[in-house]
file entry_29.txt (compact mmCIF, C-alpha atoms)
# COMPACT_ATOMS: atom_id res chain seq x y z
CA MET A 1 72.26 121.24 100.57
CA ALA A 2 70.72 122.05 97.19
CA LYS A 3 70.31 119.19 94.78
CA ILE A 4 70.77 119.53 91.03
CA ILE A 5 68.62 117.12 89.05
CA VAL A 6 68.78 116.67 85.29
CA VAL A 7 65.78 115.38 83.37
CA THR A 8 67.22 113.81 80.25
CA SER A 9 66.58 111.14 77.62
CA GLY A 10 68.65 111.51 74.49
CA LYS A 11 65.61 111.05 72.28
CA GLY A 12 63.18 113.91 71.74
CA GLY A 13 59.47 113.86 72.37
CA VAL A 14 59.50 111.29 75.17
CA GLY A 15 58.30 113.68 77.89
CA LYS A 16 61.31 115.49 79.37
CA THR A 17 59.59 118.88 79.63
CA THR A 18 56.31 117.38 80.84
CA THR A 19 58.30 115.48 83.46
CA SER A 20 60.41 118.48 84.49
CA ALA A 21 57.25 120.55 84.99
CA ALA A 22 55.36 117.80 86.82
CA ILE A 23 58.24 116.83 89.13
CA ALA A 24 59.13 120.45 89.89
CA ALA A 25 55.49 121.27 90.69
CA GLY A 26 55.23 118.16 92.86
CA LEU A 27 58.37 119.03 94.84
CA ALA A 28 57.28 122.65 95.27
CA ALA A 29 53.79 121.56 96.38
CA GLY A 30 55.51 119.55 99.11
CA GLY A 31 57.03 122.76 100.44
CA GLU A 32 60.49 122.52 98.92
CA LYS A 33 61.77 125.63 97.18
CA THR A 34 62.24 124.50 93.59
CA VAL A 35 63.45 126.07 90.37
CA VAL A 36 63.16 124.48 86.95
CA ILE A 37 65.56 125.59 84.22
CA ASP A 38 64.97 125.20 80.48
CA PHE A 39 68.27 124.28 78.78
CA ASP A 40 66.74 124.02 75.32
CA VAL A 41 68.22 127.20 73.87
CA GLY A 42 66.50 128.14 70.62
CA LEU A 43 63.54 125.81 71.22
CA ARG A 44 62.16 127.10 74.50
CA ASN A 45 59.01 125.26 75.59
CA LEU A 46 59.04 124.81 79.35
CA ASP A 47 57.41 128.26 79.67
CA LEU A 48 54.42 127.03 77.62
CA ILE A 49 54.07 123.81 79.60
CA MET A 50 54.24 125.79 82.85
CA GLY A 51 51.80 128.41 81.53
CA CYS A 52 54.08 131.42 81.97
CA GLU A 53 55.01 132.13 78.33
CA ARG A 54 53.60 135.67 78.44
CA ARG A 55 55.68 136.56 81.47
CA VAL A 56 59.12 135.85 80.03
CA VAL A 57 61.24 139.00 79.99
CA TYR A 58 64.78 137.81 80.58
CA ASP A 59 66.20 134.31 80.17
CA LEU A 60 69.10 132.05 81.09
CA VAL A 61 71.37 133.44 78.38
CA ASN A 62 70.68 137.03 79.47
CA VAL A 63 71.80 136.08 82.98
CA ILE A 64 74.94 134.35 81.70
CA ASN A 65 75.81 137.38 79.57
CA GLY A 66 75.24 139.75 82.48
CA GLU A 67 72.34 141.50 80.71
CA ALA A 68 70.02 140.73 83.61
CA ASN A 69 70.41 139.43 87.11
CA LEU A 70 68.96 136.16 88.28
CA ASN A 71 66.03 137.71 90.14
CA GLN A 72 64.95 139.56 87.01
CA ALA A 73 64.97 136.37 84.95
CA LEU A 74 63.32 134.02 87.45
CA ILE A 75 59.55 133.73 86.95
CA LYS A 76 57.57 132.98 90.08
CA ASP A 77 54.76 130.51 89.54
CA LYS A 78 51.32 132.04 90.19
CA ARG A 79 49.94 128.87 91.73
CA LEU A 80 52.74 127.74 94.03
CA GLU A 81 54.71 129.89 96.43
CA ASN A 82 57.87 127.77 96.13
CA LEU A 83 58.06 127.25 92.39
CA PHE A 84 60.22 129.26 89.98
CA ILE A 85 61.00 128.96 86.27
CA LEU A 86 64.16 130.05 84.49
CA PRO A 87 63.33 130.14 80.77
CA ALA A 88 65.69 129.35 77.90
CA SER A 89 66.64 131.93 75.35
CA GLN A 90 65.20 131.84 71.83
CA THR A 91 68.54 132.86 70.30
CA ARG A 92 69.84 130.83 67.39
CA ASP A 93 73.40 131.17 68.63
CA LYS A 94 74.27 127.63 69.67
CA ASP A 95 77.25 128.79 71.69
CA ALA A 96 75.09 130.99 73.91
CA LEU A 97 75.49 128.61 76.85
CA THR A 98 78.94 128.45 78.36
CA HIS A 99 80.29 126.04 80.91
CA GLU A 100 81.40 128.82 83.25
CA GLY A 101 78.16 130.74 82.78
CA VAL A 102 75.97 127.76 83.65
CA GLU A 103 78.13 126.92 86.64
CA GLN A 104 77.84 130.46 87.96
CA VAL A 105 74.05 130.51 87.59
CA LEU A 106 73.72 127.12 89.32
CA ASN A 107 75.97 128.20 92.18
CA GLU A 108 73.85 131.28 92.73
CA LEU A 109 70.63 129.24 92.63
CA LYS A 110 72.06 126.74 95.11
CA GLU A 111 72.10 129.45 97.75
CA SER A 112 68.34 129.88 97.81
CA PHE A 113 66.79 126.71 96.37
CA GLU A 114 66.47 123.15 97.63
CA TYR A 115 65.89 121.57 94.22
CA ILE A 116 67.25 122.72 90.86
CA ILE A 117 65.66 120.81 87.97
CA CYS A 118 67.48 121.02 84.64
CA ASP A 119 65.22 120.28 81.67
CA SER A 120 67.64 118.96 79.04
CA PRO A 121 67.21 119.41 75.30
CA ALA A 122 67.07 116.28 73.15
CA GLY A 123 70.26 114.99 71.54
CA ILE A 124 73.80 114.73 72.87
CA GLU A 125 75.07 118.14 71.77
CA LYS A 126 76.38 120.93 73.95
CA GLY A 127 73.02 121.94 75.47
CA ALA A 128 72.30 118.39 76.60
CA GLN A 129 75.84 117.94 77.90
CA LEU A 130 75.71 121.17 79.89
CA ALA A 131 72.30 120.29 81.33
CA LEU A 132 73.67 117.05 82.78
CA TYR A 133 77.23 118.12 83.59
CA PHE A 134 76.59 119.55 87.06
CA ALA A 135 73.86 117.07 88.07
CA ASP A 136 73.76 115.20 91.36
CA GLU A 137 70.87 113.07 90.22
CA ALA A 138 69.41 112.18 86.84
CA ILE A 139 65.90 111.23 85.85
CA ILE A 140 66.12 109.25 82.61
CA VAL A 141 62.82 109.63 80.78
CA THR A 142 62.20 106.67 78.50
CA ASN A 143 59.31 105.39 76.37
CA PRO A 144 58.81 101.62 76.06
CA GLU A 145 60.05 101.71 72.49
CA VAL A 146 63.36 100.63 70.90
CA SER A 147 64.82 103.97 69.82
CA SER A 148 64.05 105.64 73.14
CA VAL A 149 65.61 102.80 75.17
CA ARG A 150 68.75 102.81 73.04
CA ASP A 151 69.14 106.59 73.33
CA SER A 152 68.61 106.41 77.09
CA ASP A 153 71.45 103.93 77.33
CA ARG A 154 73.61 106.35 75.36
CA ILE A 155 72.79 109.20 77.73
CA ILE A 156 73.56 106.97 80.73
CA GLY A 157 76.97 106.37 79.14
CA ILE A 158 77.53 110.11 78.85
CA LEU A 159 76.55 110.58 82.52
CA HIS A 160 79.16 107.94 83.38
CA SER A 161 81.95 109.60 81.42
CA LYS A 162 81.24 113.28 80.90
CA SER A 163 79.46 114.58 83.99
CA ARG A 164 81.26 116.63 86.61
CA ARG A 165 80.94 113.79 89.11
CA ALA A 166 82.55 111.38 86.63
CA GLU A 167 85.34 113.76 85.64
CA GLN A 168 86.22 114.66 89.22
CA GLN A 169 85.84 111.05 90.36
CA LEU A 170 83.20 111.91 92.96
CA ASP A 171 80.26 109.66 93.86
CA PRO A 172 78.49 108.92 90.58
CA VAL A 173 75.32 110.71 89.49
CA LYS A 174 72.33 108.87 90.94
CA GLU A 175 70.34 107.70 87.91
CA GLN A 176 66.70 106.69 88.00
CA LEU A 177 64.39 105.51 85.26
CA LEU A 178 61.04 107.14 84.56
CA LEU A 179 59.07 105.13 82.04
CA THR A 180 56.47 107.31 80.31
CA ARG A 181 53.59 106.70 77.87
CA TYR A 182 53.18 103.19 79.25
CA ASP A 183 50.23 101.22 77.98
CA PRO A 184 49.63 98.13 80.17
CA LEU A 185 47.05 96.73 77.77
CA ARG A 186 49.53 96.66 74.90
CA VAL A 187 52.17 95.18 77.23
CA GLU A 188 49.73 92.40 78.14
CA LYS A 189 49.20 91.67 74.47
CA GLY A 190 52.95 91.46 73.89
CA GLU A 191 52.96 94.55 71.71
CA MET A 192 55.00 96.79 73.98
CA LEU A 193 58.15 96.39 76.08
CA SER A 194 57.26 95.85 79.74
CA VAL A 195 58.67 97.80 82.71
CA GLU A 196 60.72 94.73 83.59
CA ASP A 197 62.13 94.54 80.05
CA VAL A 198 63.28 98.17 80.11
CA GLU A 199 64.66 97.87 83.65
CA GLU A 200 66.61 94.78 82.62
CA ILE A 201 68.11 96.42 79.54
CA LEU A 202 69.05 99.75 81.13
CA SER A 203 69.78 98.29 84.58
CA ILE A 204 69.04 101.42 86.58
CA PRO A 205 66.50 101.66 89.43
CA LEU A 206 62.91 102.55 88.60
CA LEU A 207 61.56 105.89 89.82
CA GLY A 208 58.12 105.53 88.30
CA VAL A 209 55.88 104.54 85.45
CA ILE A 210 53.61 107.16 83.90
CA PRO A 211 50.70 105.64 81.97
CA GLU A 212 49.77 106.88 78.52
CA SER A 213 47.11 109.40 79.45
CA LEU A 214 44.77 111.95 77.94
CA ALA A 215 45.52 114.14 80.95
CA VAL A 216 49.02 114.99 79.65
CA LEU A 217 47.82 116.74 76.50
CA LYS A 218 44.96 118.33 78.39
CA ALA A 219 47.41 119.77 80.92
CA SER A 220 49.86 121.04 78.30
CA ASN A 221 46.99 122.61 76.33
CA GLN A 222 46.24 124.68 79.41
CA GLY A 223 49.79 125.32 80.60
CA ILE A 224 49.31 123.41 83.84
CA PRO A 225 51.85 120.84 85.08
CA VAL A 226 50.05 117.50 84.90
CA SER A 227 50.84 116.74 88.54
CA PHE A 228 48.34 119.48 89.47
CA ASP A 229 45.62 117.27 88.01
CA GLU A 230 45.43 115.04 91.06
CA GLN A 231 42.39 113.17 89.73
CA SER A 232 44.19 111.94 86.61
CA ASP A 233 46.18 108.73 86.35
CA ALA A 234 49.26 110.54 85.02
CA GLY A 235 49.00 113.19 87.74
CA LYS A 236 48.84 110.54 90.45
CA ALA A 237 51.72 108.61 88.89
CA TYR A 238 53.90 111.75 88.85
CA LEU A 239 53.05 112.59 92.46
CA ASP A 240 53.98 109.02 93.44
CA ALA A 241 57.28 109.45 91.59
CA VAL A 242 57.94 112.68 93.51
CA GLN A 243 57.40 110.80 96.79
CA ARG A 244 59.82 108.08 95.72
CA PHE A 245 62.29 110.72 94.62
CA LYS A 246 62.23 112.13 98.15
CA GLY A 247 62.98 108.65 99.46
CA ASN A 248 59.48 107.55 100.46
CA ASP A 249 58.50 104.00 99.63
CA VAL A 250 55.35 104.21 97.50
CA PRO A 251 53.97 101.19 95.64
CA HIS A 252 53.78 101.41 91.84
CA ARG A 253 50.34 101.89 90.31
CA PHE A 254 48.92 101.75 86.77
CA LEU A 255 51.07 98.77 85.78
CA GLU A 256 48.12 96.51 85.09
CA ALA A 257 45.50 96.97 82.41
CA GLN A 258 42.07 97.99 83.68
CA LYS A 259 39.85 94.93 83.49
CA PRO A 260 36.91 95.79 81.27
CA GLY A 261 33.60 95.87 83.10
CA LEU A 262 30.73 93.47 82.45
CA LEU A 263 28.94 95.85 80.09
CA LYS A 264 32.06 96.48 78.08
CA ARG A 265 32.73 92.77 77.81
CA MET A 266 29.20 92.10 76.63
CA PHE A 267 28.91 94.92 74.15
CA GLY A 268 32.56 95.50 73.27
CA GLY A 269 34.49 98.70 73.72
CA MET B 1 39.76 84.72 73.26
CA SER B 2 38.68 84.27 69.68
CA LEU B 3 39.92 81.51 67.41
CA PHE B 4 41.76 84.09 65.39
CA GLU B 5 43.73 85.22 68.43
CA ILE B 6 44.77 81.66 69.27
CA PHE B 7 46.40 81.40 65.87
CA ARG B 8 47.98 84.80 66.19
CA LYS B 9 49.67 83.87 69.47
CA LYS B 10 51.93 81.50 67.57
CA GLU B 11 53.58 84.41 65.84
CA LYS B 12 56.43 85.80 67.89
CA GLN B 13 55.30 88.73 69.99
CA SER B 14 56.79 91.99 68.76
CA ALA B 15 57.76 93.12 72.28
CA ASN B 16 60.01 90.07 72.59
CA ILE B 17 61.67 90.87 69.29
CA ALA B 18 62.20 94.44 70.48
CA LYS B 19 63.78 93.21 73.71
CA GLU B 20 66.17 90.82 71.97
CA ARG B 21 67.25 93.43 69.43
CA LEU B 22 67.82 95.98 72.18
CA GLN B 23 69.84 93.60 74.32
CA ILE B 24 72.19 92.93 71.42
CA ILE B 25 72.66 96.51 70.23
CA VAL B 26 72.99 97.93 73.74
CA ALA B 27 75.62 95.33 74.69
CA HIS B 28 77.50 96.11 71.49
CA GLU B 29 77.41 99.86 72.05
CA ARG B 30 78.44 99.55 75.69
CA ALA B 31 81.48 97.52 74.65
CA ALA B 32 82.42 100.17 72.10
CA ARG B 33 81.89 102.92 74.69
CA ASN B 34 84.24 101.30 77.17
CA SER B 35 86.99 100.62 74.68
CA PRO B 36 89.88 103.06 74.38
CA ASP B 37 89.60 105.89 71.83
CA TYR B 38 92.55 104.66 69.78
CA LEU B 39 90.96 101.37 68.73
CA PRO B 40 89.26 102.64 65.55
CA ALA B 41 92.45 104.44 64.49
CA LEU B 42 94.51 101.34 65.23
CA GLN B 43 92.11 99.27 63.18
CA LYS B 44 92.46 101.70 60.27
CA ASP B 45 96.25 101.64 60.38
CA ILE B 46 96.42 97.86 60.54
CA LEU B 47 94.03 97.68 57.61
CA ALA B 48 96.27 100.02 55.61
CA VAL B 49 99.31 97.82 56.28
CA VAL B 50 97.54 94.56 55.41
CA LYS B 51 96.04 96.19 52.32
CA LYS B 52 99.50 96.87 50.99
CA TYR B 53 99.87 93.14 50.46
CA ILE B 54 96.36 91.69 50.29
CA ASP B 55 93.16 93.21 48.95
CA ILE B 56 90.70 93.19 51.86
CA ASP B 57 87.87 95.38 53.11
CA MET B 58 87.46 97.33 56.35
CA ASP B 59 84.93 94.88 57.72
CA GLN B 60 87.36 92.00 57.39
CA ILE B 61 89.49 93.23 60.24
CA HIS B 62 88.31 93.01 63.83
CA VAL B 63 90.22 94.55 66.67
CA ASN B 64 89.05 93.65 70.13
CA LEU B 65 90.40 94.61 73.52
CA GLU B 66 89.50 92.48 76.49
CA ASN B 67 90.27 93.51 80.00
CA ASN B 68 90.81 90.82 82.58
CA ASN B 69 91.75 91.46 86.16
CA ASP B 70 95.47 91.99 85.72
CA SER B 71 95.96 91.84 81.98
CA SER B 72 94.53 93.11 78.73
CA ILE B 73 94.33 91.06 75.56
CA LEU B 74 94.43 92.81 72.23
CA GLU B 75 92.88 90.45 69.76
CA LEU B 76 93.36 90.98 66.03
CA ASN B 77 91.29 89.00 63.59
CA VAL B 78 91.87 89.30 59.85
CA THR B 79 89.67 87.38 57.48
CA LEU B 80 91.71 86.64 54.37
CA PRO B 81 89.86 86.27 51.09
CA GLY B 82 89.44 82.63 50.04
CA SER B 83 92.14 81.45 47.66
call {"tool": "encode", "arguments": {"input": "entry_29.txt", "output": "structure tokens"}}
result
Amino acid sequence: MAKIIVVTSGKGGVGKTTTSAAIAAGLAAGGEKTVVIDFDVGLRNLDLIMGCERRVVYDLVNVINGEANLNQALIKDKRLENLFILPASQTRDKDALTHEGVEQVLNELKESFEYIICDSPAGIEKGAQLALYFADEAIIVTNPEVSSVRDSDRIIGILHSKSRRAEQQLDPVKEQLLLTRYDPLRVEKGEMLSVEDVEEILSIPLLGVIPESLAVLKASNQGIPVSFDEQSDAGKAYLDAVQRFKGNDVPHRFLEAQKPGLLKRMFGG
Amino acid sequence: MSLFEIFRKKEKQSANIAKERLQIIVAHERAARNSPDYLPALQKDILAVVKKYIDIDMDQIHVNLENNNDSSILELNVTLPGS
């Protein structure tokens, strides 16, 4: 049975698109047929992060309006057999996405994919609400910072009241926390909220912690999902999160600050 | 650890302040989220009635709904201006 997963946060700039790309790539690399959909109509960016911006011909809105069929709009990733991207439209019409249209597209995708990742736009407007409405599971991307945590709590509230599962009184959407841009050194110094702090405030289970990492910008510069960079800390952390997402018990890494070596301690860093 | 850092430790760590502020605002917003939609409108109407007789401000009326197991308590708190 296909699973619909929304990657959401409320606040912008916390890493939803980076996470959508990295998780989708990780799932596809594990052999699961995966599609990742950009719901950010008007501000399309998943295509850039995935490195397929020059191959966009049709988009989600074209499919909804019947101007193209799904196979024409789906972009097959050049690196992974099982990975597909459905780009957002760059239209400025904010009513371009319709409830029925999105439902129809998702139903069609369910027939051939195992995982459908919905990359939500920031905010709590229509695009964000549609991205989460049909979800079975939600990955709540949060930075250890006050405005991000508050907005995440807001989005969790919307999942509780306005998702399809809530409205139809089905089993609730399974929510998991992904804490990104984590800096253990600053946490140690008491300058940043800790994983435990954020878990306690949001009270949802932890999927993973992604350390603040140079690899994320490097990957987005090149249009490569960061989980392809298996040598990097962020890449490893995302691949761990994918394993946990699939139900495997993987210990958390990168929660402690690297102890500076002898040389660094002597000469300063 | 330098001497300077020992002194600095006495200052409250900013992460702790962040946590406390978040716990308060999140609890407040969750309570508002779970309250029925009519509460703000009810509060406005009550204010209008009271205002007919006494000059008070919006923030001097608090309407609170508490749900217990088998009953709900609608609590109305009006702060009257000091005479």
call {"tool": "atom_distance", "arguments": {"input": "entry_29.txt", "atom1": "CA of Thr18 (chain A)", "atom2": "CA of Asp171 (chain A)"}}
result
28.3 Å
call {"tool": "interface_residues", "arguments": {"input": "entry_29.txt", "of": "chain A", "to": "chain B", "cutoff": "7 Å", "atoms": "only C-alpha atoms", "output": "list in words"}}
result
Val146, Arg150, Gly190, Glu191, Met192, Leu193, Asp197 and Ile201 of chain A
call {"tool": "atom_distance", "arguments": {"input": "entry_29.txt", "atom1": "CA of Ser232 (chain A)", "atom2": "CA of Gly10 (chain A)"}}
result
27.3 Å
call {"tool": "atom_distance", "arguments": {"input": "entry_29.txt", "atom1": "CA of Ser152 (chain A)", "atom2": "CA of Lys16 (chain A)"}}
result
11.9 Å
call {"tool": "residues_around", "arguments": {"input": "entry_29.txt", "residues": "Ala2 (chain A)", "least_positions_apart": "3", "cutoff": "9 Å", "atoms": "only C-alpha atoms", "output": "VMD selection string"}}
result
chain A and resid 109 to 116
call {"tool": "axis_aligned_box", "arguments": {"input": "entry_29.txt", "around": "region 6-23 of chain A", "padding_each_side": "4 Å", "output": "lines of an AutoDock Vina configuration file"}}
result
center_x = 62.1
center_y = 115.8
center_z = 80.4
size_x = 21.4
size_y = 17.5
size_z = 25.4
call {"tool": "residues_around", "arguments": {"input": "entry_29.txt", "residues": "Phe134 (chain A)", "least_positions_apart": "6", "cutoff": "9 Å", "atoms": "only C-alpha atoms", "output": "PyMOL selection string"}}
result
chain A and resi 4-6+102-103+106+163-165
call {"tool": "residues_near_point", "arguments": {"input": "entry_29.txt", "point": "(86.2, 94.8, 53.1)", "cutoff": "10 Å", "atoms": "only C-alpha atoms", "output": "short mmCIF file (atom, residue, chain, number, x, y, z; two decimals) with C-alpha atoms, in the frame of the given file"}}
result
data_model
loop_
_atom_site.label_atom_id
_atom_site.label_comp_id
_atom_site.auth_asym_id
_atom_site.auth_seq_id
_atom_site.Cartn_x
_atom_site.Cartn_y
_atom_site.Cartn_z
CA LEU B 47 94.03 97.68 57.61
CA LYS B 51 96.04 96.19 52.32
CA ASP B 55 93.16 93.21 48.95
CA ILE B 56 90.70 93.19 51.86
CA ASP B 57 87.87 95.38 53.11
CA MET B 58 87.46 97.33 56.35
CA ASP B 59 84.93 94.88 57.72
CA GLN B 60 87.36 92.00 57.39
CA ILE B 61 89.49 93.23 60.24
CA THR B 79 89.67 87.38 57.48
CA LEU B 80 91.71 86.64 54.37
CA PRO B 81 89.86 86.27 51.09
#
call {"tool": "closest_residue", "arguments": {"input": "entry_29.txt", "among": "A:Val250, A:Ile210, A:Ile156, A:Ala21", "to": "Gly51 (chain A)", "atoms": "all atoms listed in the file"}}
result
A:Ala21
call {"tool": "residues_near_point", "arguments": {"input": "entry_29.txt", "point": "(68.5, 123.0, 67.6)", "cutoff": "10 Å", "atoms": "all atoms listed in the file", "output": "ChimeraX atom specification"}}
result
/A:40-43,92-94,121-123,125,127
call {"tool": "write_last_selection", "arguments": {"input": "entry_29.txt", "atoms": "C-alpha atoms", "output": "short mmCIF file (atom, residue, chain, number, x, y, z; two decimals), in the frame of the given file"}}
result
data_model
loop_
_atom_site.label_atom_id
_atom_site.label_comp_id
_atom_site.auth_asym_id
_atom_site.auth_seq_id
_atom_site.Cartn_x
_atom_site.Cartn_y
_atom_site.Cartn_z
CA ASP A 40 66.74 124.02 75.32
CA VAL A 41 68.22 127.20 73.87
CA GLY A 42 66.50 128.14 70.62
CA LEU A 43 63.54 125.81 71.22
CA ARG A 92 69.84 130.83 67.39
CA ASP A 93 73.40 131.17 68.63
CA LYS A 94 74.27 127.63 69.67
CA PRO A 121 67.21 119.41 75.30
CA ALA A 122 67.07 116.28 73.15
CA GLY A 123 70.26 114.99 71.54
CA GLU A 125 75.07 118.14 71.77
CA GLY A 127 73.02 121.94 75.47
#
call {"tool": "closest_residue", "arguments": {"input": "entry_29.txt", "among": "A:Leu130, A:Ile117, A:Val63, A:Leu207", "to": "Asp240 (chain A)", "atoms": "only C-alpha atoms"}}
result
A:Leu207
call {"tool": "build_atoms", "arguments": {"input": "entry_29.txt", "residues": "region 53-64 of chain A", "atoms": "N, CA and C atoms", "output": "compact mmCIF listing (two decimals), in the coordinates of the input"}}
result
# COMPACT_ATOMS: atom_id res chain seq x y z
N GLU A 53 54.35 131.64 79.55
CA GLU A 53 55.01 132.13 78.33
C GLU A 53 54.87 133.63 78.12
N ARG A 54 53.79 134.23 78.65
CA ARG A 54 53.60 135.67 78.44
C ARG A 54 54.36 136.51 79.46
N ARG A 55 54.99 135.82 80.41
CA ARG A 55 55.68 136.56 81.47
C ARG A 55 57.19 136.51 81.33
N VAL A 56 57.68 135.95 80.22
CA VAL A 56 59.12 135.85 80.03
C VAL A 56 59.66 137.22 79.60
N VAL A 57 60.59 137.74 80.37
CA VAL A 57 61.24 139.00 79.99
C VAL A 57 62.71 138.72 79.73
N TYR A 58 63.38 138.20 80.73
CA TYR A 58 64.78 137.81 80.58
C TYR A 58 64.90 136.29 80.65
N ASP A 59 66.03 135.77 80.19
CA ASP A 59 66.20 134.31 80.17
C ASP A 59 67.60 133.92 80.65
N LEU A 60 67.84 132.62 80.62
CA LEU A 60 69.10 132.05 81.09
C LEU A 60 70.31 132.69 80.42
N VAL A 61 70.23 132.88 79.11
CA VAL A 61 71.37 133.44 78.38
C VAL A 61 71.61 134.90 78.76
N ASN A 62 70.53 135.66 78.98
CA ASN A 62 70.68 137.03 79.47
C ASN A 62 71.45 137.06 80.79
N VAL A 63 71.13 136.12 81.67
CA VAL A 63 71.80 136.08 82.98
C VAL A 63 73.28 135.74 82.79
N ILE A 64 73.55 134.75 81.94
CA ILE A 64 74.94 134.35 81.70
C ILE A 64 75.74 135.50 81.11
